[in-house]
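Each remark here refers to the structure printed beneath this line.
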Amino acid sequence: MRLALVADSEAYPRFVGERDAPRTAGETLALRSLNKMTKAENILEQAKSFRSEIGGDLHDKLTEAVYTDASAIAARAVSNENQTNNFHLDQTLDRILTSRLYGFPLMILMLTVVLWLTIAGANVPSAMLGEFLQGTVFNALHSLANALSAPWWLSGFLIDGVYLATAWVISVMLPPMAIFFPLFTLLEDLGYLPRVAFNLDRLFKRAGAHGKQSLSMMMGYGCNAAGVVSTRIIDSPRERLIAIITNNFSICNGRFPTMILVGTIFIGATAPPALASFIAASSVAAVAILGIVFTLLVSAFLSKTLLKGEASSFTLELPPYRPPQIWQTLYRSIIDRTLIVLKRAVWMAAPAGAVIWLISNIFIGGESVASHLIAFLNPFGLLIGLNGVILLAYVVAIPANEIVVPTILMLTLNLAKSTLAQNGVMSGLEDDVQIREILTGIGGWTLLTGINLMLFSLLHNPCSTTIWTIWKETKSLKWTAVSTLLPVILGILVCFTTATFVRLFGLI
Amino acid sequence: MSVALANDCGGCATGCNTAQLTRLGIKSDGFDYIIALAGNPNTGKSTIFNKLTGLHQHVGNWAGKTVARAEGAFNLNNKKFKIVDLPGTYSLLSTSVDEEIARDFVLFGKPDVTIVVADATRLERNLNLVLQILEITDRVVVAVNLMDEAKRNDLTVDERALSRDLGVPVIPMTARRGEGVNELLNAVEKVAGGGYAARPHRIKYSDEKIENAVQTLAKQLNETFENLPNARWVALRLLEGDESIIRAVREQTLGNLKQSRGFPQLVQLEV
């Protein structure tokens with residue numbers, strides 16, 4: 001049991017869940033406890049009378065005593081030989097990076113450059129991995145199955161279902177992650193993230209939220225579940241709840257690859273080839289910034305309605321810029337982060353692949369279960385500028401956002417198996433061009449579908465791990481439900497708005 | 001999987017005298033000693049934690065990276081040490097969850113040694129936390145980290161003067177380069193085994209009323225709760241009207257907590 005959380009039970013109504021143990025222990029030792037209890041009450045009474053005797057400035061006096069001693073000891077131990085101050089470089093950098101004029105443009109530039117390096121760098125390895133995993137290995141597995149004369153349902157389930165979903169997750173996610181994570185971690189190690197937090201602090205304050213929310217938001221870019229846990233640094237329960245609810249607007253690891261792929265094949269592809277990856281990166285950066293805008297808007301909305309209150313102030317330390325330990329950073333972000341996230345994605349993709357294959361191959365009344373579901377979701381999907389396949393994919397992908405793209409591709413392909421067979425494409429989708437052709441040709445996607453998928457990827461329910469974490473951190477059904485449903489509702493509204501706008505003006 | 005230090009101490013500037021160190025990663029059950037790692041945010045606690053355990057807790061260059069506790073272990077001269085990396089805090093007097101986790105562990109987890117990591121370039125501010133921890137326990141080793149940055153800024157830290165003033169061992173370190181790790185281990189071993197006679201610095205309160213009240217309450221607390229980690233400190237919190245401590249005294253969780261060592265595992269998500 002944790003003692004200190006018992007503090008201010010009025011102020012922490014939802015966060016205290018571990019208070020019962022002492023009471024039951026007290027029952028078993030009733031007599032001894034009673035004796036102790038009176039003694040304890042005596043001590044508390046006495047403390048109370050001492051307190052009024054000493055007066056209210058005790059805390060200040062204690063703090064002052066600590067500071068006085070610390071200052072004296074430090075003065076004896078530390079000497080500055082040359083009386084120089086080498087903090088100049090740090091200060092100059094800070095003046096530029098956190099200036100009102102350059103702070104935000106530099107932030108946006110930095111984000112775009114990181115994403116551009118990711119997209120430009122991941123292109124070739126992604127295509128190579130795709131060709132190998134979805135081409136060579138996939139065909140070899142089918143030949144092997146044929147040679148063993150395995151029944152169609154077994155090879156279908158294992159190769160077209162479990163294997164293909166896994167292969168797609170790897171080829172879509174591995175290259176961008178292996179580039180994006182080290183770059184992001186290098187920025188973090190340099191000490192840039194606290195400067196971003198400093199820049200954003202003003203905005204969070206205006207939104208009635210805690211400035212430390214910018215830090216938990218940063219953590220959310222790694223993983224929303226980790227972001228939700230990191231809101232523990234916020235002491236006010238009101239502001240902490242706001243930070244928890246809005247953490248989902250930070251695009252996590254699992255969602256970046258989706259955005260990068262869709263940004264590349266739908267938005268980058270509309271630009272001349274030389275500019276394609278830059279335009280694609282800008283579109284992803286724009287959605288990420290839109291996420292920050294939504295974080296601020298929703299925080300402001302909550303602090304004016306459900307969670308009223310003033311923003312509290314805090315001290316944010318700007319750490320010194322430190323030269324990053326490049327090899328260690330590479331090792332950690334590739335081995336620890338990339339492989340762990342990839343492992344999770346593969347673990348989720350394999351069963352999802354099985355589910356997709358099953359619902360595509362179990363027929364009810366002449367149509368597969370998947371077709372029924374997609375037909376059911378399609379009208380609503382099209383209304384909000386998406387389609388039934390995408391909505392079904394988001395249901396299948398509740399355990400992990402990583403598998404959205406593979407799910408969409410497999411469902412689209414399974415729906416149009418006959419068409420594909422005519423074209424001689426079996427697994428298809430070895431590179432971005434093929435993916436684009438399949439989605440537009442067979443899936444009937446337009447630029448609007450691509451844009452709205454990026455928006456919906458930003459604005460939808462958190463993954464099941466995050467929902468579970470929110471429940472564990474808040475112990476409140478109500479706030480868990482709000483955190484889960486609010487983003488989906490927002491996503492539907494935003495997608496409906498863009499779709500209606502585009503249709504009204506006949507833009508696409 | 002354990003990794004012997006001798007395998008990768010190429011960068012070690014001080015010569016290897018602790019080849020007996022075996023890093024045990026997260027296998028932290030059945031330990032002889034428990035060590036807490038405390039300090040201000042961004043002073044290198046996680047770096048030291050990783051050096052000692054062989055784990056790869058990501059080290060962030062910003063305050064608030066570690067919000068939950070991380071646990072690990074190492075073997076030194078046939079004794080098993082469990083080490084707990086606490087969230088970074090500026091003081092032990094606040095109410096946010098991360099500061100409470102740190103405070104509770106130092107106060108009630110009864111670590112055999114608390115390593116307080118201090119930033120050599122900001123020593124005065126870091127000493128505030130050191131002094132507050134010394135009020136709670138005298139089994140402390142102060143690691144003055146980031147000595148390389150201090151040097152770059154032309155600052156020299158006289159660790160012997162510091163050790164004399166604080167009354168506990170003080171080890172200068174540059175943890176990211178592995179400098180001072182062996183000295184830290186020697187000091188930890190000495191303090192854990194009771195081989196160091198600490199004369200911890202105590203903050204004096206010039207106000208006689210405060211001193212009297214603290215003494216009276218501390219005496220009664222010691223009579224009511226056996227083995228109270230530090231009655232003087234609890235008395236001060238009662239005088240301050242610290243709600244959590246008042247409730248702990250009333251519900252006798254002070255007494256309950258001191259019997260159980262350690263706390264339930266908290267969620268640990270590191271990205």
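We name chains A, B, ... following the order of the structure tokens; residues begin at 1 in each chain, and ligands are numbered from 1 as shown.
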
(request) Identify every residue of chain A that has at least one atom within 6 Å of any atom of chain B, counting only C-alpha atoms, and report the result as a list in words. (result) Ala4, Val6, Ala7, Ala40, Ala47, Arg51, Ala70, Ser71, Ala74, Ala77, Val78, Ser79, Asn80, Asn86, Asp189, Gly191, Ala226, Ser230, Arg232, Ile233 and Asp235 of chain A

(request) Just the residues within 10 Å of range 335-348 of chain A, please, counting only C-alpha atoms, with nothing from its chain fewer than 6 positions along; format it as a ChimeraX atom specification. (result) /A:162-163,165-170,173-182,222-223,253-254,329,397-403 /B:56-58,270-271

Residues from last step as file, N, CA and C atoms, as an mmCIF file, in the first residue's frame:
data_model
loop_
_atom_site.group_PDB
_atom_site.id
_atom_site.type_symbol
_atom_site.label_atom_id
_atom_site.label_comp_id
_atom_site.auth_asym_id
_atom_site.auth_seq_id
_atom_site.Cartn_x
_atom_site.Cartn_y
_atom_site.Cartn_z
ATOM 1 N N VAL A 162 -1.977 -15.057 -41.639
ATOM 2 C CA VAL A 162 -1.009 -14.755 -40.590
ATOM 3 C C VAL A 162 0.298 -14.201 -41.169
ATOM 4 N N TYR A 163 0.865 -14.893 -42.185
ATOM 5 C CA TYR A 163 2.174 -14.447 -42.682
ATOM 6 C C TYR A 163 2.096 -13.078 -43.349
ATOM 7 N N ALA A 165 0.002 -10.549 -43.123
ATOM 8 C CA ALA A 165 -0.210 -9.412 -42.221
ATOM 9 C C ALA A 165 1.101 -9.074 -41.501
ATOM 10 N N THR A 166 1.803 -10.112 -41.063
ATOM 11 C CA THR A 166 3.058 -9.899 -40.362
ATOM 12 C C THR A 166 4.095 -9.260 -41.280
ATOM 13 N N ALA A 167 4.183 -9.787 -42.519
ATOM 14 C CA ALA A 167 5.164 -9.262 -43.466
ATOM 15 C C ALA A 167 4.892 -7.790 -43.757
ATOM 16 N N TRP A 168 3.620 -7.450 -43.892
ATOM 17 C CA TRP A 168 3.294 -6.059 -44.193
ATOM 18 C C TRP A 168 3.656 -5.120 -43.059
ATOM 19 N N VAL A 169 3.355 -5.576 -41.847
ATOM 20 C CA VAL A 169 3.700 -4.742 -40.691
ATOM 21 C C VAL A 169 5.194 -4.460 -40.692
ATOM 22 N N ILE A 170 5.988 -5.500 -40.969
ATOM 23 C CA ILE A 170 7.439 -5.318 -40.933
ATOM 24 C C ILE A 170 7.887 -4.369 -42.038
ATOM 25 N N MET A 173 6.591 -0.772 -41.343
ATOM 26 C CA MET A 173 7.005 -0.081 -40.116
ATOM 27 C C MET A 173 8.502 -0.022 -39.881
ATOM 28 N N LEU A 174 9.199 -1.101 -40.222
ATOM 29 C CA LEU A 174 10.600 -1.180 -39.797
ATOM 30 C C LEU A 174 11.466 -0.031 -40.327
ATOM 31 N N PRO A 175 11.502 0.236 -41.663
ATOM 32 C CA PRO A 175 12.411 1.295 -42.120
ATOM 33 C C PRO A 175 12.109 2.679 -41.545
ATOM 34 N N PRO A 176 10.850 3.151 -41.578
ATOM 35 C CA PRO A 176 10.637 4.481 -40.993
ATOM 36 C C PRO A 176 10.983 4.545 -39.507
ATOM 37 N N MET A 177 10.668 3.481 -38.769
ATOM 38 C CA MET A 177 10.963 3.510 -37.331
ATOM 39 C C MET A 177 12.452 3.542 -37.067
ATOM 40 N N ALA A 178 13.200 2.753 -37.863
ATOM 41 C CA ALA A 178 14.648 2.675 -37.649
ATOM 42 C C ALA A 178 15.321 4.010 -37.951
ATOM 43 N N ILE A 179 14.650 4.890 -38.699
ATOM 44 C CA ILE A 179 15.219 6.218 -38.963
ATOM 45 C C ILE A 179 14.635 7.256 -38.007
ATOM 46 N N PHE A 180 13.333 7.190 -37.798
ATOM 47 C CA PHE A 180 12.637 8.212 -37.006
ATOM 48 C C PHE A 180 13.055 8.183 -35.527
ATOM 49 N N PHE A 181 13.094 6.995 -34.935
ATOM 50 C CA PHE A 181 13.402 6.903 -33.504
ATOM 51 C C PHE A 181 14.770 7.471 -33.148
ATOM 52 N N PRO A 182 15.849 7.046 -33.861
ATOM 53 C CA PRO A 182 17.156 7.607 -33.499
ATOM 54 C C PRO A 182 17.191 9.120 -33.643
ATOM 55 N N GLY A 222 6.000 9.075 -28.309
ATOM 56 C CA GLY A 222 6.553 7.729 -28.281
ATOM 57 C C GLY A 222 5.423 6.719 -28.187
ATOM 58 N N CYS A 223 4.657 6.829 -27.112
ATOM 59 C CA CYS A 223 3.583 5.864 -26.876
ATOM 60 C C CYS A 223 2.580 6.543 -25.969
ATOM 61 N N ASN A 253 4.053 6.141 -31.975
ATOM 62 C CA ASN A 253 4.827 5.246 -32.861
ATOM 63 C C ASN A 253 3.995 4.464 -33.836
ATOM 64 N N GLY A 254 2.904 3.913 -33.319
ATOM 65 C CA GLY A 254 2.094 3.002 -34.114
ATOM 66 C C GLY A 254 1.373 3.720 -35.228
ATOM 67 N N THR A 329 22.786 6.003 -28.342
ATOM 68 C CA THR A 329 21.463 6.401 -28.778
ATOM 69 C C THR A 329 20.986 5.494 -29.907
ATOM 70 N N ALA A 397 -8.120 -3.041 -35.504
ATOM 71 C CA ALA A 397 -6.849 -2.523 -34.998
ATOM 72 C C ALA A 397 -6.955 -1.895 -33.610
ATOM 73 N N ILE A 398 -8.049 -2.114 -32.900
ATOM 74 C CA ILE A 398 -8.144 -1.533 -31.549
ATOM 75 C C ILE A 398 -6.984 -1.991 -30.649
ATOM 76 N N PRO A 399 -6.568 -3.251 -30.710
ATOM 77 C CA PRO A 399 -5.423 -3.632 -29.868
ATOM 78 C C PRO A 399 -4.133 -2.913 -30.237
ATOM 79 N N ALA A 400 -3.951 -2.527 -31.500
ATOM 80 C CA ALA A 400 -2.701 -1.865 -31.882
ATOM 81 C C ALA A 400 -2.886 -1.079 -33.170
ATOM 82 N N ASN A 401 -2.592 0.198 -33.095
ATOM 83 C CA ASN A 401 -2.725 1.055 -34.274
ATOM 84 C C ASN A 401 -1.768 0.672 -35.395
ATOM 85 N N GLU A 402 -0.712 -0.064 -35.040
ATOM 86 C CA GLU A 402 0.311 -0.422 -36.003
ATOM 87 C C GLU A 402 -0.257 -1.184 -37.188
ATOM 88 N N ILE A 403 -1.353 -1.934 -36.961
ATOM 89 C CA ILE A 403 -1.786 -2.858 -38.006
ATOM 90 C C ILE A 403 -2.882 -2.289 -38.895
ATOM 91 N N HIS B 56 19.090 -1.044 -19.768
ATOM 92 C CA HIS B 56 19.102 0.040 -20.743
ATOM 93 C C HIS B 56 17.890 0.939 -20.576
ATOM 94 N N GLN B 57 17.686 1.364 -19.368
ATOM 95 C CA GLN B 57 16.654 2.355 -19.110
ATOM 96 C C GLN B 57 17.001 3.575 -19.953
ATOM 97 N N HIS B 58 16.051 4.058 -20.762
ATOM 98 C CA HIS B 58 16.419 5.208 -21.588
ATOM 99 C C HIS B 58 16.677 6.424 -20.711
ATOM 100 N N GLU B 270 8.550 2.474 -20.337
ATOM 101 C CA GLU B 270 9.634 3.333 -20.806
ATOM 102 C C GLU B 270 9.640 3.287 -22.313
ATOM 103 N N VAL B 271 9.746 4.426 -22.926
ATOM 104 C CA VAL B 271 9.780 4.444 -24.388
ATOM 105 C C VAL B 271 11.021 5.187 -24.824
#

(request) Can you check which residues of range 203-370 of chain A DSSP gives as strand (DSSP E or B) on the backbone and send them as a ChimeraX atom specification? (result) /A:363-364,367-368

Would you put the residues from that selection into a file with C-alpha atoms, as a PDB file, in the first residue's frame?
ATOM      1  CA  PHE A 363     -19.332 -17.114 -46.179  1.00  0.00           C
ATOM      2  CA  ILE A 364     -22.854 -16.369 -45.069  1.00  0.00           C
ATOM      3  CA  GLU A 367     -20.987 -13.242 -49.222  1.00  0.00           C
ATOM      4  CA  SER A 368     -18.042 -13.342 -46.821  1.00  0.00           C
TER       5      SER A 368
END

(message) If we count only C-alpha atoms and set the cut-off at 7 Å, which residues sit around Leu76 in chain B, ignoring sequence neighbours fewer than 3 positions away in its own chain? Please answer as a list in words.
(response)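 Answer for this query is Gln20, Leu21, Thr22, Lys79 and Lys80 of chain B.
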
Prev. selection, N, CA and C atoms, output as a CSV table (one decimal), in the first residue's frame:
chain,number,residue,atom,x,y,z
B,20,GLN,N,34.6,-7.9,-9.2
B,20,GLN,CA,33.7,-8.8,-8.6
B,20,GLN,C,32.2,-8.3,-8.9
B,21,LEU,N,32.1,-7.2,-9.6
B,21,LEU,CA,30.8,-6.7,-9.9
B,21,LEU,C,30.1,-7.6,-11.0
B,22,THR,N,28.9,-8.0,-10.7
B,22,THR,CA,28.1,-8.7,-11.7
B,22,THR,C,26.8,-8.0,-11.9
B,79,LYS,N,27.6,-10.2,-2.4
B,79,LYS,CA,26.4,-9.6,-1.8
B,79,LYS,C,25.5,-9.1,-2.9
B,80,LYS,N,24.2,-9.4,-2.8
B,80,LYS,CA,23.3,-9.0,-3.8
B,80,LYS,C,22.6,-7.7,-3.4

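CA of Leu318 in chain A is found 27.8 Å from CA of Val140 in chain B.
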